[in-house]
Amino acid sequence: MSTSYAPVSEHLDDVEAARAEGRRKMDWALQHMPILTALREEYEAEKPFAGQTIGMAMHVEAKTANLVELLADGGAEVAITGCNPLSTHDDVSAALDAHENISSYAVRGVDDEDYYAAIHSVVAHEPTITVDDGMDMVKVVHEEYPELIETIVGGCEETTTGVHRLRAMDEDGALEYPIFAVNDTPMKRLFDNIHGTGESSLATIAMTTNLSWASKNVVVAGYGYCGKGVAKKAAGQNANVIVTEVEPRRALEAHMEGYEVLPMAEAAEKADVILTTTGNRDVVTREHFEQMKDGVLLANAGHFDIEVNLDDLDDLAVDRYEARDGVEAFEMDDGRRLNVIAEGRLVNLAAPIALGHPAEVMDQSFGVQAVCVRELVDNGDEYDAGVHDVPDELDRRVAEIKLDAEGVDHDELTDEQREYMGSWQHGT
Ligand code: NAI
């Protein structure tokens with residue numbers, strides 16, 4: 001395997017045009033990101049990241065780019081690549097690469113070899129802080145560059161799947177530096193996973209297929225944070241939502257919410273659309289494909305492209321062809337066409353027209369990322385190796401910045417109330 005990949009600017013024909021377009025996308029997003037705007041002002045003045053090298057593997061699009069630039073303007077050297085071969089916007093990547101403190105290796109559509117070579121190129125900058133979405137960079141550092149761990153202050157992880165992998169690594173005693181579970185904060189999970197995934201997945205599927213949600217049977221696999229958002233917003237657009245779950249309390253929650261809950265084996269035959277949000281593998285397999293209706297749409301919003309088993313589907317297919325941009329039809333021997341969107345990769349970022357979550361939502365997630373990177377720089381030596389919850393006061397601060405920007409005022413506890421809430425000695 002090649003262990004280095006050139007920066008994006010060396011892969012594009014018209015770099016200047018790409019940079020200009022990427023900058024335009026970033027400027028638009030930033031207008032709707034008041035938290036990053038406020039933090040950028042503070043960090044630009046204080047340069048808290050001076051002397052740090054931040055290695056990042058994230059979805060390289062306009063909102064992420066504003067986080068990257070904030071870190072660079074706060075004094076860091078930043079090297080970044082993608083965390084999914086189809087979510088990169090080359091123009092945004094090129095705009096980042098033009099910044100004197102940033103090297104961007106993200107290029108859309110790279111094969112597996114170049115995807116990992118680009119991660120190696122980032123790691124070659126010898127990061128002192130890592131920021132991941134899915135944990136690929138942490139894995140490469142631990143397995144192939146353990147000598148860097150000594151000088152790494154810590155890291156941040158953006159998504160559920162990455163946090164799951166990191167906790168498993170931590171339990172095995174294999175995680176050798178502290179990492180904040182940014183995904184698990186209220187400011188991330190209650191907005192990004194629920195509203196962001198719900199809105200952007202449904203919007204992307206509708207735009208990619210030019211089809212309506214009204215009256216469709218939409219099967220949502222997994223009723224976690226993402227699944228809840230997808231189910232709620234699909235129901236809001238007049239779809240009949242069916243939920244599949246393996247966790248009994250979440251299945252019950254979906255049932256009490258009024259959705260039909262079924263095993264996938266029964267849901268699959270009713271489905272007009274199946275959208276997976278489990279973070280697990282083989283959720284939709286051969287036995288399900290065999291019973292699906294002609295024309296069904298299959299999409300995944302979980303982190304990896306393993307939820308819909310495409311090997312099984314390919315085995316069953318007598319033909320496969322591009323039905324639309326971003327839609328591949330798999331034709332069965334009885335003539336049914338099963339349509340896979342965005343190669344079964346996370347649909348809201350990997351479909352050709354996908355833009356990811358709305359800017360306002362990512363402002364919150366990336367606001368948490370920014371304050372966590374700062375916490376690592378200021379107090380990193382107070383954290384042992386392992387996965388750490390983000391300190392609650394940091395998350396609250398990000399919420400306050402957003403409420404301020406929105407002009408929303410709210411109550412505060414009085415001293416008496418605070419004392420009451422913290423005490424066990426009083427009864428009625
Ligand atoms: P979560 O842990 O809250 O929910 C996952 C749910 O799936 C759980 O309730 C679990 O019981 C259920 N599940 C697991 N295996 C299943 C199976 N075989 N059948 C049915 N249900 C099953 O996780 P969250 O936060 O909802 O994230 C889900 C996935 O989405 C992760 O891979 C995460 O990284 C990804 N994600 C994607 C985003 C996007 O932009 N598309 C944004 C945020 C997260």
# chains A, B, ... in the order shown; residues from 1 in each chain; ligands from 1
call {"tool": "residues_near_ligand", "arguments": {"ligand": "ligand 1", "cutoff": "6 Å", "atoms": "only C-alpha atoms and all ligand atoms", "output": "list of chain:residue names"}}
result
A:Thr159, A:Thr160, A:Thr161, A:Asn193, A:Thr197, A:Ala221, A:Gly222, A:Tyr223, A:Gly224, A:Tyr225, A:Cys226, A:Gly227, A:Thr244, A:Glu245, A:Val246, A:Glu247, A:Arg250, A:Thr277, A:Thr278, A:Gly279, A:Asn280, A:Val283, A:Ala301, A:Gly302, A:His303, A:Leu346, A:Asn348
call {"tool": "residues_around", "arguments": {"residues": "A:Ser200", "least_positions_apart": "5", "cutoff": "8 Å", "atoms": "only C-alpha atoms", "output": "PyMOL selection string"}}
result
chain A and resi 348+355-358
call {"tool": "select_by_dssp", "arguments": {"residues": "stretch 149-342 of chain A", "states": "strand (DSSP E)", "output": "MDAnalysis selection string"}}
result
chainID A and resid 154:157 178:181 217:221 240:244 260:261 273:276 297:300 319:324 327:331 337:341
call {"tool": "residues_around", "arguments": {"residues": "stretch 320-337 of chain A", "least_positions_apart": "4", "cutoff": "12 Å", "atoms": "only C-alpha atoms", "output": "ChimeraX atom specification"}}
result
/A:86,204-210,272,286,289-299,310-316,341-345,347-354
call {"tool": "residues_around", "arguments": {"residues": "A:Val182", "least_positions_apart": "2", "cutoff": "7 Å", "atoms": "only C-alpha atoms", "output": "JSON, numbers by chain"}}
result
{"A": [156, 157, 158, 180, 184, 185, 368, 369, 390]}
call {"tool": "closest_residue", "arguments": {"among": "A:Ala94, A:Cys372, A:Ala38, A:Ala50", "to": "A:Leu12", "atoms": "only C-alpha atoms"}}
result
A:Ala94
call {"tool": "residues_around", "arguments": {"residues": "A:Tyr259", "least_positions_apart": "2", "cutoff": "12 Å", "atoms": "only C-alpha atoms", "output": "list in words"}}
result
Asn217, Val218, Val219, Val220, Tyr223, Gly227, Lys228, Ala231, Lys232, Ala234, Ala235, Ala239, Asn240, Val241, Ile242, Val243, Thr244, Glu245, Arg250, Ala251, Leu252, Glu253, Ala254, His255, Met256, Glu257, Val261 and Leu262 of chain A
call {"tool": "write_last_selection", "arguments": {"atoms": "C-alpha atoms", "output": "PDB file, in the first residue's frame"}}
result
ATOM      1  CA  ASN A 217     -43.984   2.832   3.793  1.00  0.00           C
ATOM      2  CA  VAL A 218     -40.660   3.956   5.215  1.00  0.00           C
ATOM      3  CA  VAL A 219     -38.776   1.360   7.236  1.00  0.00           C
ATOM      4  CA  VAL A 220     -36.316   2.927   9.679  1.00  0.00           C
ATOM      5  CA  TYR A 223     -34.478   3.675  16.740  1.00  0.00           C
ATOM      6  CA  GLY A 227     -33.425   6.737  13.763  1.00  0.00           C
ATOM      7  CA  LYS A 228     -35.670   8.896  15.957  1.00  0.00           C
ATOM      8  CA  ALA A 231     -38.772   8.525  11.836  1.00  0.00           C
ATOM      9  CA  LYS A 232     -40.158  11.822  13.152  1.00  0.00           C
ATOM     10  CA  ALA A 234     -40.591  11.077   7.665  1.00  0.00           C
ATOM     11  CA  ALA A 235     -43.866  10.908   9.607  1.00  0.00           C
ATOM     12  CA  ALA A 239     -44.968   8.663   5.359  1.00  0.00           C
ATOM     13  CA  ASN A 240     -46.106   5.502   7.188  1.00  0.00           C
ATOM     14  CA  VAL A 241     -43.155   4.773   9.427  1.00  0.00           C
ATOM     15  CA  ILE A 242     -42.190   1.216  10.393  1.00  0.00           C
ATOM     16  CA  VAL A 243     -39.344   0.763  12.879  1.00  0.00           C
ATOM     17  CA  THR A 244     -37.045  -2.243  13.343  1.00  0.00           C
ATOM     18  CA  GLU A 245     -34.990  -2.561  16.548  1.00  0.00           C
ATOM     19  CA  ARG A 250     -36.101   1.402  22.096  1.00  0.00           C
ATOM     20  CA  ALA A 251     -38.576  -0.873  20.298  1.00  0.00           C
ATOM     21  CA  LEU A 252     -41.105  -0.018  23.018  1.00  0.00           C
ATOM     22  CA  GLU A 253     -40.328   3.688  22.710  1.00  0.00           C
ATOM     23  CA  ALA A 254     -41.028   3.526  18.961  1.00  0.00           C
ATOM     24  CA  HIS A 255     -44.242   1.584  19.608  1.00  0.00           C
ATOM     25  CA  MET A 256     -45.417   4.163  22.196  1.00  0.00           C
ATOM     26  CA  GLU A 257     -44.587   6.916  19.739  1.00  0.00           C
ATOM     27  CA  VAL A 261     -42.567  -2.011  15.015  1.00  0.00           C
ATOM     28  CA  LEU A 262     -41.707  -5.171  13.081  1.00  0.00           C
TER      29      LEU A 262
END
call {"tool": "atom_distance", "arguments": {"atom1": "atom CA of A:Gly51", "atom2": "atom CA of A:Met33"}}
result
26.4 Å
call {"tool": "residues_around", "arguments": {"residues": "A:Ala181", "least_positions_apart": "4", "cutoff": "12 Å", "atoms": "only C-alpha atoms", "output": "VMD selection string"}}
result
chain A and resid 131 to 135 154 to 167 185 to 189 365 368 to 369 372 to 373 386 to 392 395
call {"tool": "write_last_selection", "arguments": {"atoms": "C-alpha atoms", "output": "PDB file, in the first residue's frame"}}
result
ATOM      1  CA  VAL A 131      -9.839  14.944  15.456  1.00  0.00           C
ATOM      2  CA  ASP A 132     -11.663  11.986  13.931  1.00  0.00           C
ATOM      3  CA  ASP A 133     -15.060  11.072  12.574  1.00  0.00           C
ATOM      4  CA  GLY A 134     -15.172   7.268  12.766  1.00  0.00           C
ATOM      5  CA  MET A 135     -11.788   6.648  14.429  1.00  0.00           C
ATOM      6  CA  GLY A 154      -5.300  13.954  23.058  1.00  0.00           C
ATOM      7  CA  GLY A 155      -8.084  13.663  20.541  1.00  0.00           C
ATOM      8  CA  CYS A 156     -11.761  14.236  19.796  1.00  0.00           C
ATOM      9  CA  GLU A 157     -14.259  11.850  18.177  1.00  0.00           C
ATOM     10  CA  GLU A 158     -17.275  13.115  16.294  1.00  0.00           C
ATOM     11  CA  THR A 159     -19.601  10.161  15.720  1.00  0.00           C
ATOM     12  CA  THR A 160     -21.384   7.266  17.465  1.00  0.00           C
ATOM     13  CA  THR A 161     -19.560   4.541  15.547  1.00  0.00           C
ATOM     14  CA  GLY A 162     -16.182   6.130  16.339  1.00  0.00           C
ATOM     15  CA  VAL A 163     -17.043   6.367  20.037  1.00  0.00           C
ATOM     16  CA  HIS A 164     -18.184   2.703  20.057  1.00  0.00           C
ATOM     17  CA  ARG A 165     -14.901   1.619  18.481  1.00  0.00           C
ATOM     18  CA  LEU A 166     -12.886   3.765  20.897  1.00  0.00           C
ATOM     19  CA  ARG A 167     -14.709   2.391  23.945  1.00  0.00           C
ATOM     20  CA  THR A 185     -22.737  15.517  24.427  1.00  0.00           C
ATOM     21  CA  PRO A 186     -26.279  16.911  24.494  1.00  0.00           C
ATOM     22  CA  MET A 187     -25.194  19.726  22.146  1.00  0.00           C
ATOM     23  CA  LYS A 188     -24.169  17.164  19.539  1.00  0.00           C
ATOM     24  CA  ARG A 189     -26.401  14.152  19.882  1.00  0.00           C
ATOM     25  CA  SER A 365     -21.305  19.958  16.851  1.00  0.00           C
ATOM     26  CA  VAL A 368     -18.152  21.438  20.870  1.00  0.00           C
ATOM     27  CA  GLN A 369     -15.165  20.170  18.849  1.00  0.00           C
ATOM     28  CA  CYS A 372     -12.704  20.374  23.324  1.00  0.00           C
ATOM     29  CA  VAL A 373      -9.528  20.972  21.305  1.00  0.00           C
ATOM     30  CA  GLY A 386      -9.046   6.518  27.497  1.00  0.00           C
ATOM     31  CA  VAL A 387     -12.428   7.835  26.382  1.00  0.00           C
ATOM     32  CA  HIS A 388     -13.671  10.878  28.318  1.00  0.00           C
ATOM     33  CA  ASP A 389     -17.023  12.613  28.521  1.00  0.00           C
ATOM     34  CA  VAL A 390     -16.840  16.246  27.493  1.00  0.00           C
ATOM     35  CA  PRO A 391     -16.918  18.438  30.633  1.00  0.00           C
ATOM     36  CA  ASP A 392     -20.520  19.602  30.991  1.00  0.00           C
ATOM     37  CA  ASP A 395     -21.101  21.920  26.400  1.00  0.00           C
TER      38      ASP A 395
END
call {"tool": "select_by_dssp", "arguments": {"residues": "stretch 109-203 of chain A", "states": "alpha helix (DSSP H)", "output": "number ranges by chain"}}
result
A: 112-123, 136-144, 160-171, 186-188, 197-203
call {"tool": "closest_residue", "arguments": {"among": "A:Glu375, A:Glu176, A:Asp384, A:Asp90", "to": "A:His142", "atoms": "only C-alpha atoms"}}
result
A:Glu176
call {"tool": "closest_residue", "arguments": {"among": "A:Ile102, A:Val408, A:Leu39, A:Val8", "to": "A:Ile54", "atoms": "only C-alpha atoms"}}
result
A:Ile102
call {"tool": "residues_around", "arguments": {"residues": "A:Thr128", "least_positions_apart": "6", "cutoff": "6 Å", "atoms": "only C-alpha atoms", "output": "number ranges by chain"}}
result
A: 52-53, 151-153
call {"tool": "atom_distance", "arguments": {"atom1": "atom CA of A:Val230", "atom2": "atom CA of A:Glu61"}}
result
22.1 Å
call {"tool": "closest_residue", "arguments": {"among": "A:Pro34, A:Val138, A:Asp381, A:Arg108", "to": "A:Met169", "atoms": "only C-alpha atoms"}}
result
A:Val138
call {"tool": "closest_residue", "arguments": {"among": "A:Tyr383, A:Tyr5, A:Phe191, A:Trp424", "to": "A:Val361", "atoms": "only C-alpha atoms"}}
result
A:Phe191
call {"tool": "atom_distance", "arguments": {"atom1": "atom CA of A:Tyr105", "atom2": "atom CA of A:Val60"}}
result
9.7 Å
